[in-house]
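Student: data_0.pdb is reproduced below (PDB, C-alpha atoms, pLDDT in the B column).
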ATOM      1  CA  MET H   1       0.000   0.000   0.000  1.00 45.00           C
ATOM      2  CA  ALA H   2       1.300   3.418  -0.927  1.00 54.00           C
ATOM      3  CA  GLU H   3       2.330   5.799   1.776  1.00 86.00           C
ATOM      4  CA  GLU H   4      -0.348   8.146   3.129  1.00 94.00           C
ATOM      5  CA  LEU H   5      -0.047  11.567   4.665  1.00 96.00           C
ATOM      6  CA  ASN H   6      -2.042  12.344   7.800  1.00 97.00           C
ATOM      7  CA  VAL H   7      -1.058  15.464   9.704  1.00 96.00           C
ATOM      8  CA  THR H   8      -2.671  18.029  11.984  1.00 96.00           C
ATOM      9  CA  ILE H   9      -1.113  21.485  12.131  1.00 94.00           C
ATOM     10  CA  PRO H  10      -1.885  24.665  14.071  1.00 92.00           C
ATOM     11  CA  ALA H  11      -3.743  27.134  11.824  1.00 91.00           C
ATOM     12  CA  ARG H  12      -0.832  29.483  11.109  1.00 90.00           C
ATOM     13  CA  LEU H  13       0.652  30.695   7.821  1.00 91.00           C
ATOM     14  CA  SER H  14       4.169  29.724   8.927  1.00 90.00           C
ATOM     15  CA  GLU H  15       3.088  26.056   8.894  1.00 92.00           C
ATOM     16  CA  VAL H  16       2.896  25.932   5.086  1.00 93.00           C
ATOM     17  CA  ARG H  17       6.655  25.453   4.808  1.00 93.00           C
ATOM     18  CA  GLU H  18       6.972  22.270   6.811  1.00 93.00           C
ATOM     19  CA  LEU H  19       3.780  20.993   5.225  1.00 95.00           C
ATOM     20  CA  SER H  20       5.192  21.540   1.738  1.00 96.00           C
ATOM     21  CA  SER H  21       8.196  19.376   2.647  1.00 96.00           C
ATOM     22  CA  MET H  22       5.835  16.624   3.801  1.00 96.00           C
ATOM     23  CA  VAL H  23       3.891  16.888   0.537  1.00 97.00           C
ATOM     24  CA  GLU H  24       7.128  16.591  -1.430  1.00 96.00           C
ATOM     25  CA  ALA H  25       8.054  13.449   0.529  1.00 96.00           C
ATOM     26  CA  PHE H  26       4.557  12.085  -0.119  1.00 96.00           C
ATOM     27  CA  GLY H  27       5.004  12.862  -3.819  1.00 96.00           C
ATOM     28  CA  ASP H  28       8.336  11.029  -3.920  1.00 95.00           C
ATOM     29  CA  ALA H  29       6.892   7.989  -2.113  1.00 95.00           C
ATOM     30  CA  ASN H  30       3.982   7.813  -4.542  1.00 94.00           C
ATOM     31  CA  GLY H  31       5.862   8.658  -7.725  1.00 94.00           C
ATOM     32  CA  LEU H  32       3.856  11.829  -8.334  1.00 95.00           C
ATOM     33  CA  PRO H  33       5.103  14.129 -11.103  1.00 94.00           C
ATOM     34  CA  ASP H  34       6.573  17.470  -9.952  1.00 94.00           C
ATOM     35  CA  PRO H  35       3.785  19.586 -11.538  1.00 94.00           C
ATOM     36  CA  LYS H  36       1.214  17.623  -9.490  1.00 95.00           C
ATOM     37  CA  VAL H  37       3.184  18.146  -6.275  1.00 97.00           C
ATOM     38  CA  PHE H  38       3.313  21.850  -7.148  1.00 97.00           C
ATOM     39  CA  VAL H  39      -0.448  22.218  -7.599  1.00 97.00           C
ATOM     40  CA  ILE H  40      -1.112  20.326  -4.350  1.00 97.00           C
ATOM     41  CA  ASN H  41       1.215  22.655  -2.456  1.00 98.00           C
ATOM     42  CA  LEU H  42      -0.394  25.617  -4.180  1.00 98.00           C
ATOM     43  CA  ALA H  43      -3.871  24.424  -3.120  1.00 97.00           C
ATOM     44  CA  LEU H  44      -2.733  23.924   0.481  1.00 97.00           C
ATOM     45  CA  ASP H  45      -1.141  27.379   0.624  1.00 97.00           C
ATOM     46  CA  GLU H  46      -4.342  28.969  -0.716  1.00 96.00           C
ATOM     47  CA  LEU H  47      -6.682  27.017   1.544  1.00 95.00           C
ATOM     48  CA  ILE H  48      -4.638  27.527   4.693  1.00 94.00           C
ATOM     49  CA  THR H  49      -4.346  31.254   3.899  1.00 93.00           C
ATOM     50  CA  ASN H  50      -8.104  31.367   3.465  1.00 91.00           C
ATOM     51  CA  THR H  51      -8.803  29.586   6.746  1.00 91.00           C
ATOM     52  CA  VAL H  52      -6.274  31.598   8.742  1.00 90.00           C
ATOM     53  CA  THR H  53      -7.339  34.984   7.345  1.00 85.00           C
ATOM     54  CA  HIS H  54     -11.105  34.552   7.230  1.00 80.00           C
ATOM     55  CA  GLY H  55     -12.294  31.555   9.178  1.00 75.00           C
ATOM     56  CA  LEU H  56     -10.865  31.655  12.669  1.00 76.00           C
ATOM     57  CA  GLU H  57     -11.781  34.858  14.489  1.00 68.00           C
ATOM     58  CA  ASP H  58      -8.748  34.497  16.758  1.00 69.00           C
ATOM     59  CA  LYS H  59      -9.653  31.015  17.813  1.00 76.00           C
ATOM     60  CA  ALA H  60      -6.745  29.857  19.963  1.00 76.00           C
ATOM     61  CA  ASP H  61      -7.215  26.123  19.393  1.00 83.00           C
ATOM     62  CA  ALA H  62      -7.631  26.415  15.629  1.00 89.00           C
ATOM     63  CA  GLU H  63      -6.156  23.487  13.779  1.00 93.00           C
ATOM     64  CA  ILE H  64      -6.099  22.097  10.293  1.00 95.00           C
ATOM     65  CA  ARG H  65      -6.026  18.409   9.496  1.00 97.00           C
ATOM     66  CA  ILE H  66      -4.711  17.207   6.166  1.00 97.00           C
ATOM     67  CA  ARG H  67      -4.976  13.720   4.767  1.00 98.00           C
ATOM     68  CA  MET H  68      -3.659  12.611   1.424  1.00 97.00           C
ATOM     69  CA  ARG H  69      -3.695   9.290  -0.342  1.00 97.00           C
ATOM     70  CA  VAL H  70      -3.560   7.779  -3.813  1.00 96.00           C
ATOM     71  CA  ARG H  71      -6.312   5.373  -4.863  1.00 93.00           C
ATOM     72  CA  ALA H  72      -6.672   3.932  -8.338  1.00 89.00           C
ATOM     73  CA  ASP H  73      -4.921   6.720 -10.250  1.00 93.00           C
ATOM     74  CA  THR H  74      -6.613   9.414  -8.166  1.00 96.00           C
ATOM     75  CA  LEU H  75      -4.950  11.626  -5.602  1.00 97.00           C
ATOM     76  CA  ILE H  76      -7.391  12.374  -2.788  1.00 98.00           C
ATOM     77  CA  LEU H  77      -6.691  15.346  -0.541  1.00 98.00           C
ATOM     78  CA  VAL H  78      -8.945  16.039   2.444  1.00 98.00           C
ATOM     79  CA  MET H  79      -8.557  19.185   4.504  1.00 97.00           C
ATOM     80  CA  GLU H  80     -10.546  19.829   7.683  1.00 97.00           C
ATOM     81  CA  ASP H  81     -10.575  22.824   9.994  1.00 95.00           C
ATOM     82  CA  ASN H  82     -12.529  23.873  13.077  1.00 92.00           C
ATOM     83  CA  GLY H  83     -13.067  27.464  11.916  1.00 90.00           C
ATOM     84  CA  GLN H  84     -16.273  29.214  10.916  1.00 89.00           C
ATOM     85  CA  PRO H  85     -18.432  27.236   8.476  1.00 91.00           C
ATOM     86  CA  PHE H  86     -17.376  28.235   4.970  1.00 91.00           C
ATOM     87  CA  ASP H  87     -18.055  26.502   1.674  1.00 93.00           C
ATOM     88  CA  PRO H  88     -15.303  27.462  -0.768  1.00 91.00           C
ATOM     89  CA  THR H  89     -17.011  25.619  -3.627  1.00 91.00           C
ATOM     90  CA  ARG H  90     -19.764  28.270  -3.600  1.00 88.00           C
ATOM     91  CA  ASP H  91     -17.370  31.197  -3.781  1.00 73.00           C
ATOM     92  CA  THR H  92     -17.023  32.042  -7.475  1.00 71.00           C
ATOM     93  CA  ASN H  93     -16.170  35.707  -7.471  1.00 79.00           C
ATOM     94  CA  ALA H  94     -12.574  35.712  -8.668  1.00 91.00           C
ATOM     95  CA  ASP H  95     -11.820  38.511 -11.103  1.00 93.00           C
ATOM     96  CA  VAL H  96      -9.630  37.132 -13.888  1.00 95.00           C
ATOM     97  CA  THR H  97     -10.646  39.446 -16.729  1.00 94.00           C
ATOM     98  CA  SER H  98     -10.785  43.133 -15.785  1.00 95.00           C
ATOM     99  CA  SER H  99      -8.138  45.705 -16.632  1.00 96.00           C
ATOM    100  CA  LEU H 100      -5.034  46.286 -14.527  1.00 96.00           C
ATOM    101  CA  GLU H 101      -6.582  49.355 -12.897  1.00 95.00           C
ATOM    102  CA  GLU H 102      -9.773  47.489 -12.005  1.00 95.00           C
ATOM    103  CA  ARG H 103      -8.276  44.131 -11.091  1.00 95.00           C
ATOM    104  CA  SER H 104      -8.871  42.755  -7.594  1.00 92.00           C
ATOM    105  CA  ILE H 105      -7.037  39.823  -6.029  1.00 86.00           C
ATOM    106  CA  GLY H 106     -10.035  38.655  -3.982  1.00 84.00           C
ATOM    107  CA  GLY H 107     -11.058  35.065  -4.574  1.00 88.00           C
ATOM    108  CA  LEU H 108      -8.071  34.238  -6.755  1.00 94.00           C
ATOM    109  CA  GLY H 109      -6.681  31.621  -4.365  1.00 95.00           C
ATOM    110  CA  LEU H 110      -9.877  29.578  -4.375  1.00 94.00           C
ATOM    111  CA  HIS H 111     -10.174  30.012  -8.140  1.00 95.00           C
ATOM    112  CA  LEU H 112      -6.742  28.391  -8.481  1.00 96.00           C
ATOM    113  CA  VAL H 113      -7.669  25.542  -6.122  1.00 96.00           C
ATOM    114  CA  LYS H 114     -10.785  24.754  -8.152  1.00 95.00           C
ATOM    115  CA  SER H 115      -9.121  25.206 -11.532  1.00 95.00           C
ATOM    116  CA  PHE H 116      -6.402  22.660 -10.833  1.00 96.00           C
ATOM    117  CA  ALA H 117      -8.570  20.016  -9.122  1.00 97.00           C
ATOM    118  CA  ASP H 118     -10.699  17.556 -11.081  1.00 97.00           C
ATOM    119  CA  ARG H 119     -13.346  17.368  -8.343  1.00 97.00           C
ATOM    120  CA  VAL H 120     -13.942  19.426  -5.200  1.00 97.00           C
ATOM    121  CA  ALA H 121     -16.608  18.691  -2.566  1.00 97.00           C
ATOM    122  CA  TYR H 122     -17.476  20.460   0.683  1.00 97.00           C
ATOM    123  CA  GLU H 123     -19.246  19.245   3.819  1.00 97.00           C
ATOM    124  CA  PHE H 124     -19.664  20.621   7.340  1.00 97.00           C
ATOM    125  CA  VAL H 125     -19.446  17.619   9.651  1.00 96.00           C
ATOM    126  CA  GLY H 126     -18.952  17.334  13.395  1.00 94.00           C
ATOM    127  CA  GLY H 127     -18.333  21.078  13.732  1.00 92.00           C
ATOM    128  CA  ARG H 128     -15.642  21.049  11.053  1.00 95.00           C
ATOM    129  CA  ASN H 129     -15.274  22.239   7.493  1.00 96.00           C
ATOM    130  CA  ARG H 130     -14.204  19.352   5.307  1.00 98.00           C
ATOM    131  CA  LEU H 131     -13.018  19.922   1.756  1.00 97.00           C
ATOM    132  CA  THR H 132     -12.255  16.901  -0.416  1.00 98.00           C
ATOM    133  CA  MET H 133     -10.269  17.418  -3.605  1.00 98.00           C
ATOM    134  CA  GLU H 134      -9.496  14.810  -6.214  1.00 97.00           C
ATOM    135  CA  HIS H 135      -6.796  14.999  -8.856  1.00 96.00           C
ATOM    136  CA  ASP H 136      -6.744  12.448 -11.660  1.00 95.00           C
ATOM    137  CA  LEU H 137      -3.223  11.172 -12.116  1.00 94.00           C
ATOM    138  CA  THR H 138      -3.765   9.716 -15.572  1.00 88.00           C
ATOM    139  CA  ARG H 139      -4.302  13.192 -17.025  1.00 68.00           C
ATOM    140  CA  ALA H 140      -1.114  14.953 -18.075  1.00 56.00           C
TER     141      ALA H 140
ATOM    142  CA  MET G 141       9.509  34.907   7.487  1.00 91.00           C
ATOM    143  CA  ASP G 142      11.920  36.760   5.195  1.00 95.00           C
ATOM    144  CA  ILE G 143      12.388  36.060   1.506  1.00 97.00           C
ATOM    145  CA  GLU G 144      15.781  36.198  -0.140  1.00 98.00           C
ATOM    146  CA  VAL G 145      15.754  38.515  -3.168  1.00 98.00           C
ATOM    147  CA  ALA G 146      18.767  39.154  -5.378  1.00 98.00           C
ATOM    148  CA  GLU G 147      18.876  42.597  -6.973  1.00 97.00           C
ATOM    149  CA  GLU G 148      20.641  43.630 -10.150  1.00 97.00           C
ATOM    150  CA  ARG G 149      20.776  46.794 -12.175  1.00 96.00           C
ATOM    151  CA  ASP G 150      20.410  46.062 -15.899  1.00 93.00           C
ATOM    152  CA  GLY G 151      20.243  48.960 -18.339  1.00 88.00           C
ATOM    153  CA  GLY G 152      18.013  51.488 -16.615  1.00 90.00           C
ATOM    154  CA  ALA G 153      15.893  48.823 -14.966  1.00 96.00           C
ATOM    155  CA  LEU G 154      15.971  47.298 -11.514  1.00 97.00           C
ATOM    156  CA  VAL G 155      15.827  43.503 -11.681  1.00 98.00           C
ATOM    157  CA  LEU G 156      14.538  41.576  -8.665  1.00 98.00           C
ATOM    158  CA  LEU G 157      15.163  37.824  -8.446  1.00 98.00           C
ATOM    159  CA  PRO G 158      13.157  36.248  -5.630  1.00 98.00           C
ATOM    160  CA  ILE G 159      14.745  32.964  -4.579  1.00 98.00           C
ATOM    161  CA  GLY G 160      13.023  29.694  -3.685  1.00 97.00           C
ATOM    162  CA  ARG G 161       9.417  30.082  -2.561  1.00 97.00           C
ATOM    163  CA  LEU G 162       7.142  33.114  -2.603  1.00 98.00           C
ATOM    164  CA  ASP G 163       4.198  31.947  -0.513  1.00 96.00           C
ATOM    165  CA  SER G 164       1.816  33.033   2.212  1.00 95.00           C
ATOM    166  CA  ALA G 165       4.619  32.679   4.787  1.00 94.00           C
ATOM    167  CA  ASN G 166       6.928  35.287   3.199  1.00 96.00           C
ATOM    168  CA  ALA G 167       4.726  37.402   0.914  1.00 97.00           C
ATOM    169  CA  ARG G 168       4.758  40.286   3.424  1.00 97.00           C
ATOM    170  CA  SER G 169       8.536  40.342   3.313  1.00 98.00           C
ATOM    171  CA  PHE G 170       8.476  40.437  -0.498  1.00 98.00           C
ATOM    172  CA  GLU G 171       5.831  43.181  -0.380  1.00 98.00           C
ATOM    173  CA  SER G 172       7.993  45.416   1.808  1.00 98.00           C
ATOM    174  CA  ILE G 173      10.991  45.021  -0.532  1.00 98.00           C
ATOM    175  CA  VAL G 174       9.052  45.601  -3.763  1.00 98.00           C
ATOM    176  CA  MET G 175       6.960  48.495  -2.507  1.00 97.00           C
ATOM    177  CA  GLU G 176       9.995  50.182  -0.971  1.00 98.00           C
ATOM    178  CA  ARG G 177      11.747  50.110  -4.366  1.00 97.00           C
ATOM    179  CA  VAL G 178       8.646  51.349  -6.186  1.00 97.00           C
ATOM    180  CA  GLY G 179       8.063  54.008  -3.528  1.00 96.00           C
ATOM    181  CA  SER G 180      11.627  55.273  -3.839  1.00 95.00           C
ATOM    182  CA  GLY G 181      11.100  56.044  -7.511  1.00 95.00           C
ATOM    183  CA  GLU G 182      12.054  52.957  -9.541  1.00 96.00           C
ATOM    184  CA  GLN G 183      10.051  53.222 -12.754  1.00 96.00           C
ATOM    185  CA  ARG G 184      11.294  50.218 -14.721  1.00 97.00           C
ATOM    186  CA  LEU G 185      11.017  47.085 -12.638  1.00 98.00           C
ATOM    187  CA  LEU G 186      11.716  43.533 -13.800  1.00 98.00           C
ATOM    188  CA  VAL G 187      10.978  40.470 -11.733  1.00 98.00           C
ATOM    189  CA  ASP G 188      13.069  37.555 -12.991  1.00 98.00           C
ATOM    190  CA  PHE G 189      11.530  34.192 -12.004  1.00 98.00           C
ATOM    191  CA  SER G 190      14.508  32.029 -12.917  1.00 98.00           C
ATOM    192  CA  ARG G 191      15.376  31.319  -9.287  1.00 98.00           C
ATOM    193  CA  LEU G 192      11.793  30.908  -8.048  1.00 98.00           C
ATOM    194  CA  ASN G 193      10.138  27.495  -7.901  1.00 96.00           C
ATOM    195  CA  PHE G 194       6.884  28.296  -6.076  1.00 98.00           C
ATOM    196  CA  ILE G 195       4.380  31.147  -5.979  1.00 98.00           C
ATOM    197  CA  SER G 196       0.852  31.391  -4.550  1.00 97.00           C
ATOM    198  CA  SER G 197      -1.762  34.141  -4.802  1.00 97.00           C
ATOM    199  CA  SER G 198      -0.207  35.826  -1.738  1.00 96.00           C
ATOM    200  CA  GLY G 199       2.879  36.562  -3.829  1.00 97.00           C
ATOM    201  CA  MET G 200       0.876  37.419  -6.952  1.00 98.00           C
ATOM    202  CA  ARG G 201      -0.999  40.026  -4.918  1.00 97.00           C
ATOM    203  CA  VAL G 202       2.291  41.882  -4.374  1.00 98.00           C
ATOM    204  CA  LEU G 203       3.034  41.880  -8.119  1.00 98.00           C
ATOM    205  CA  LEU G 204      -0.460  43.216  -8.843  1.00 98.00           C
ATOM    206  CA  MET G 205       0.018  46.044  -6.308  1.00 97.00           C
ATOM    207  CA  ALA G 206       3.371  46.965  -7.853  1.00 98.00           C
ATOM    208  CA  ALA G 207       2.008  46.822 -11.409  1.00 98.00           C
ATOM    209  CA  LYS G 208      -0.882  49.117 -10.483  1.00 97.00           C
ATOM    210  CA  LYS G 209       1.338  51.612  -8.719  1.00 97.00           C
ATOM    211  CA  LEU G 210       3.878  51.699 -11.560  1.00 97.00           C
ATOM    212  CA  HIS G 211       1.150  52.000 -14.170  1.00 97.00           C
ATOM    213  CA  ALA G 212      -0.278  55.007 -12.323  1.00 96.00           C
ATOM    214  CA  SER G 213       3.106  56.766 -12.478  1.00 96.00           C
ATOM    215  CA  GLN G 214       3.801  55.839 -16.147  1.00 96.00           C
ATOM    216  CA  GLY G 215       6.277  53.199 -14.993  1.00 97.00           C
ATOM    217  CA  LYS G 216       6.244  49.521 -15.880  1.00 96.00           C
ATOM    218  CA  LEU G 217       6.549  46.081 -14.337  1.00 98.00           C
ATOM    219  CA  VAL G 218       7.648  43.214 -16.594  1.00 98.00           C
ATOM    220  CA  LEU G 219       8.082  39.572 -15.570  1.00 98.00           C
ATOM    221  CA  CYS G 220      10.476  37.134 -17.204  1.00 98.00           C
ATOM    222  CA  ALA G 221      12.116  33.688 -17.179  1.00 98.00           C
ATOM    223  CA  MET G 222       9.060  32.059 -15.642  1.00 98.00           C
ATOM    224  CA  PRO G 223       9.062  28.260 -15.194  1.00 97.00           C
ATOM    225  CA  ASP G 224       6.205  26.534 -17.072  1.00 97.00           C
ATOM    226  CA  HIS G 225       4.295  25.498 -13.933  1.00 97.00           C
ATOM    227  CA  ILE G 226       4.283  29.088 -12.636  1.00 98.00           C
ATOM    228  CA  HIS G 227       3.363  30.485 -16.060  1.00 98.00           C
ATOM    229  CA  GLU G 228       0.293  28.235 -16.004  1.00 97.00           C
ATOM    230  CA  VAL G 229      -0.807  29.794 -12.695  1.00 98.00           C
ATOM    231  CA  PHE G 230      -0.475  33.282 -14.204  1.00 98.00           C
ATOM    232  CA  ARG G 231      -2.487  32.178 -17.236  1.00 98.00           C
ATOM    233  CA  ILE G 232      -5.324  30.662 -15.150  1.00 97.00           C
ATOM    234  CA  SER G 233      -5.378  33.836 -13.059  1.00 97.00           C
ATOM    235  CA  GLY G 234      -5.633  36.060 -16.130  1.00 97.00           C
ATOM    236  CA  PHE G 235      -2.497  37.849 -14.926  1.00 97.00           C
ATOM    237  CA  ASP G 236      -0.839  37.248 -18.289  1.00 97.00           C
ATOM    238  CA  GLN G 237      -3.402  39.699 -19.734  1.00 97.00           C
ATOM    239  CA  ILE G 238      -2.463  42.573 -17.420  1.00 98.00           C
ATOM    240  CA  ILE G 239       1.246  42.129 -16.628  1.00 98.00           C
ATOM    241  CA  PRO G 240       3.714  41.496 -19.481  1.00 98.00           C
ATOM    242  CA  ILE G 241       5.532  38.156 -19.234  1.00 98.00           C
ATOM    243  CA  ARG G 242       8.578  37.623 -21.436  1.00 98.00           C
ATOM    244  CA  ASP G 243      10.620  34.471 -22.002  1.00 97.00           C
ATOM    245  CA  THR G 244      13.996  36.082 -21.499  1.00 97.00           C
ATOM    246  CA  ARG G 245      15.577  38.883 -19.510  1.00 96.00           C
ATOM    247  CA  GLU G 246      16.617  40.546 -22.786  1.00 95.00           C
ATOM    248  CA  SER G 247      13.104  40.756 -24.220  1.00 95.00           C
ATOM    249  CA  ALA G 248      11.750  41.920 -20.849  1.00 96.00           C
ATOM    250  CA  LEU G 249      14.314  44.719 -20.729  1.00 94.00           C
ATOM    251  CA  ALA G 250      13.296  45.804 -24.203  1.00 92.00           C
ATOM    252  CA  ASP G 251       9.698  46.104 -22.956  1.00 89.00           C
ATOM    253  CA  ALA G 252      10.223  47.639 -19.541  1.00 86.00           C
TER     254      ALA G 252
END
Once you've parsed the file, please lay out its structure as structure tokens.
Tutor:
Amino acid sequence: MAEELNVTIPARLSEVRELSSMVEAFGDANGLPDPKVFVINLALDELITNTVTHGLEDKADAEIRIRMRVRADTLILVMEDNGQPFDPTRDTNADVTSSLEERSIGGLGLHLVKSFADRVAYEFVGGRNRLTMEHDLTRA
Amino acid sequence: MDIEVAEERDGGALVLLPIGRLDSANARSFESIVMERVGSGEQRLLVDFSRLNFISSSGMRVLLMAAKKLHASQGKLVLCAMPDHIHEVFRISGFDQIIPIRDTRESALADA
């Protein structure tokens, strides 16, 4: 059975570094191509930023749980947090077309997460946000 | 967390080369460097991506701020030497439509 990643981190931006090293090790163990490891780390950076900046309201015990595994040519990434309920799959307001003067950065992170994933699903279960992302590994 | 940024003067332009990762952990550090240079009057700014292997929207936000500020003062920001995986992020973000991206330092200098 391929190696899995299962880690719980405090909800802080500084945690993305150590997490990215763990994702790289997971990628090596599972033979994932570098571009796939990159988009997974990108998604985690965006989602953790989103949770830390918008979802916590200074919650001292805020934590983020990340699980990753490969099943039948699909990479499954599950991220849970105990912040405010927030469904990122419903947020579709990224501005990717207006002029330089008018351009806003809001929503871009989640737009990237959704653009790179093949499937994204959200649930609120047991007081936690749970986002499940799937990446097909057969696709180039 | 601080980012390491190499700086070079090339022609009349200031070239910034962020090194390693530009992510949510060090975007503030990058912001203070870039906006200090723009604020002190640099009008032709190049960001060379040849030594960068990761960027997230936190870092792209800084580039957007700089591009807007330079545009308002008739200056210009040009990006160059971007790895393919980062170029794809700029394309999906529509950033390639508002900030010039050139393959090489030379062509970026010609445009800046």
Student: CA of Val37 (chain H) and CA of His135 (chain H) are how many Å apart?
Tutor: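 Straight-line distance from CA of Val37 (chain H) to CA of His135 (chain H) works out to 10.8 Å.
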Student: Nearest to Thr53 (chain H) among G:Ser213, G:Ser164, G:Arg231, G:Arg184, with distances taken over all atoms listed in the file: which residue is it?
Tutor: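 Among the listed residues, the smallest separation from Thr53 (chain H) belongs to G:Ser164.
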Student: Which residue out of H:Asp91, H:Glu101, H:Glu134, H:Asp61 has the minimum interatomic distance to Leu204 (chain G) when all atoms listed in the file are used?
Tutor: H:Glu101
Student: If you count only C-alpha atoms, which residues fall within 9 Å of Phe194 (chain G), apart from same-chain ones fewer than 5 positions away, as a list in words?
Tutor: Phe38, Asn41 and Leu42 of chain H; Gly160, Arg161, Leu162, Asp163, His225 and Ile226 of chain G
Student: Once you have the residues from the selection above, write them out as a PDB file, in the coordinates of the input, restricted to C-alpha atoms.
Tutor:
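part.pdb was written with the following content:
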ATOM      1  CA  PHE H  38       3.313  21.850  -7.148  1.00 97.00           C
ATOM      2  CA  ASN H  41       1.215  22.655  -2.456  1.00 98.00           C
ATOM      3  CA  LEU H  42      -0.394  25.617  -4.180  1.00 98.00           C
TER       4      LEU H  42
ATOM      5  CA  GLY G 160      13.023  29.694  -3.685  1.00 97.00           C
ATOM      6  CA  ARG G 161       9.417  30.082  -2.561  1.00 97.00           C
ATOM      7  CA  LEU G 162       7.142  33.114  -2.603  1.00 98.00           C
ATOM      8  CA  ASP G 163       4.198  31.947  -0.513  1.00 96.00           C
ATOM      9  CA  HIS G 225       4.295  25.498 -13.933  1.00 97.00           C
ATOM     10  CA  ILE G 226       4.283  29.088 -12.636  1.00 98.00           C
TER      11      ILE G 226
END
Student: Give as a PyMOL selection string every residue, naming chains and numbers as the document does, that has an atom within 6 Å of (-10.8, 23.3, 9.7), counting all atoms listed in the file.
Tutor: chain H and resi 64+80-83+128-129
Student: I need the chosen residues saved as a short mmCIF file (atom, residue, chain, number, x, y, z; two decimals), in the coordinates of the input, with C-alpha atoms.
Tutor:
data_model
loop_
_atom_site.label_atom_id
_atom_site.label_comp_id
_atom_site.auth_asym_id
_atom_site.auth_seq_id
_atom_site.Cartn_x
_atom_site.Cartn_y
_atom_site.Cartn_z
CA ILE H 64 -6.10 22.10 10.29
CA GLU H 80 -10.55 19.83 7.68
CA ASP H 81 -10.58 22.82 9.99
CA ASN H 82 -12.53 23.87 13.08
CA GLY H 83 -13.07 27.46 11.92
CA ARG H 128 -15.64 21.05 11.05
CA ASN H 129 -15.27 22.24 7.49
#
Student: So the first atom is CA of Arg242 (chain G) and the second is CA of Phe116 (chain H); what is the distance between them in Å, to one decimal place?
Tutor: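 Separation between CA of Arg242 (chain G) and CA of Phe116 (chain H): 23.7 Å.
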Student: Compare H:Val7, H:Leu32, H:Leu44, H:Met133 by their minimum atom-to-atom distance to chain G, counting all atoms listed in the file, and give me the closest one.
Tutor: H:Leu44
Student: Which is closest to chain G among H:Val16, H:Ala62, H:Val125, H:Val70, if we use only C-alpha atoms?
Tutor: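 Distance minimum relative to chain G lands on H:Val16.
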Student: Residues of chain G within 6 Å of chain H, using all atoms listed in the file, as a PDB file with C-alpha atoms, in the frame of the given file?
Tutor:
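This is the output file part_28.pdb:
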ATOM      1  CA  ALA G 165       4.619  32.679   4.787  1.00 94.00           C
ATOM      2  CA  SER G 196       0.852  31.391  -4.550  1.00 97.00           C
ATOM      3  CA  SER G 197      -1.762  34.141  -4.802  1.00 97.00           C
ATOM      4  CA  SER G 233      -5.378  33.836 -13.059  1.00 97.00           C
ATOM      5  CA  GLY G 234      -5.633  36.060 -16.130  1.00 97.00           C
ATOM      6  CA  ILE G 238      -2.463  42.573 -17.420  1.00 98.00           C
TER       7      ILE G 238
END
Student: Evaluate the PyMOL selection byres ((chain G and resi 172-174) around 9) on the structure here and hand back the selected residues as a ChimeraX atom specification.
Tutor: /G:145,156,167-171,175-179,202-203,206
Student: Of the residues G:Ala250, G:Leu185, G:Val155, G:Ile143, which is the one nearest to Lys216 (chain G), using all atoms listed in the file?
Tutor: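 Going through G:Ala250, G:Leu185, G:Val155, G:Ile143 one by one, the smallest distance to Lys216 (chain G) is for G:Leu185.
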Student: Please write as a list in words the full residue list that the PyMOL selection byres ((chain G and resi 243) around 12) yields on this file.
Tutor: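 Applying the expression gives Val187, Asp188, Phe189, Ser190, Val218, Leu219, Cys220, Ala221, Met222, Pro223, Asp224, His227, Pro240, Ile241, Arg242, Thr244, Arg245, Glu246, Ser247, Ala248, Leu249, Ala250 and Asp251 of chain G.
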Student: Might you pull out every residue within 10 Å of Arg130 (chain H), with all atoms listed in the file counted and same-chain residues fewer than 4 positions away left off, and present them as a list in words?
Tutor: Ile64, Arg65, Ile66, Val78, Met79, Glu80, Asp81, Asn82, Pro85, Phe86, Asp87, Ala121, Tyr122, Glu123, Phe124, Val125 and Gly126 of chain H
Student: For the selection you just gave me, I'd like the residues written to a file as a PDB file, keeping the file's coordinate frame, keeping C-alpha atoms.
Tutor:
ATOM      1  CA  ILE H  64      -6.099  22.097  10.293  1.00 95.00           C
ATOM      2  CA  ARG H  65      -6.026  18.409   9.496  1.00 97.00           C
ATOM      3  CA  ILE H  66      -4.711  17.207   6.166  1.00 97.00           C
ATOM      4  CA  VAL H  78      -8.945  16.039   2.444  1.00 98.00           C
ATOM      5  CA  MET H  79      -8.557  19.185   4.504  1.00 97.00           C
ATOM      6  CA  GLU H  80     -10.546  19.829   7.683  1.00 97.00           C
ATOM      7  CA  ASP H  81     -10.575  22.824   9.994  1.00 95.00           C
ATOM      8  CA  ASN H  82     -12.529  23.873  13.077  1.00 92.00           C
ATOM      9  CA  PRO H  85     -18.432  27.236   8.476  1.00 91.00           C
ATOM     10  CA  PHE H  86     -17.376  28.235   4.970  1.00 91.00           C
ATOM     11  CA  ASP H  87     -18.055  26.502   1.674  1.00 93.00           C
ATOM     12  CA  ALA H 121     -16.608  18.691  -2.566  1.00 97.00           C
ATOM     13  CA  TYR H 122     -17.476  20.460   0.683  1.00 97.00           C
ATOM     14  CA  GLU H 123     -19.246  19.245   3.819  1.00 97.00           C
ATOM     15  CA  PHE H 124     -19.664  20.621   7.340  1.00 97.00           C
ATOM     16  CA  VAL H 125     -19.446  17.619   9.651  1.00 96.00           C
ATOM     17  CA  GLY H 126     -18.952  17.334  13.395  1.00 94.00           C
TER      18      GLY H 126
END
Student: Pick from G:Asp236, G:Ala252, G:Gly215, G:Met141: nearest to Gly181 (chain G), with all atoms listed in the file counted?
Tutor: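 Residue with the minimum atom-to-atom distance to Gly181 (chain G): G:Gly215.
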Student: Rounded to one decimal place, report the CA of Asp28 (chain H)-CA of Val52 (chain H) distance in Å.
Tutor: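 Atom-to-atom, CA of Asp28 (chain H) and CA of Val52 (chain H) are spaced 28.2 Å apart.
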Student: For the structure shown, which residues end up in the PyMOL selection byres ((chain H and resi 4) around 8)? Put them as a PyMOL selection string, please?
Tutor: chain H and resi 2-3+5-6+26+67-70
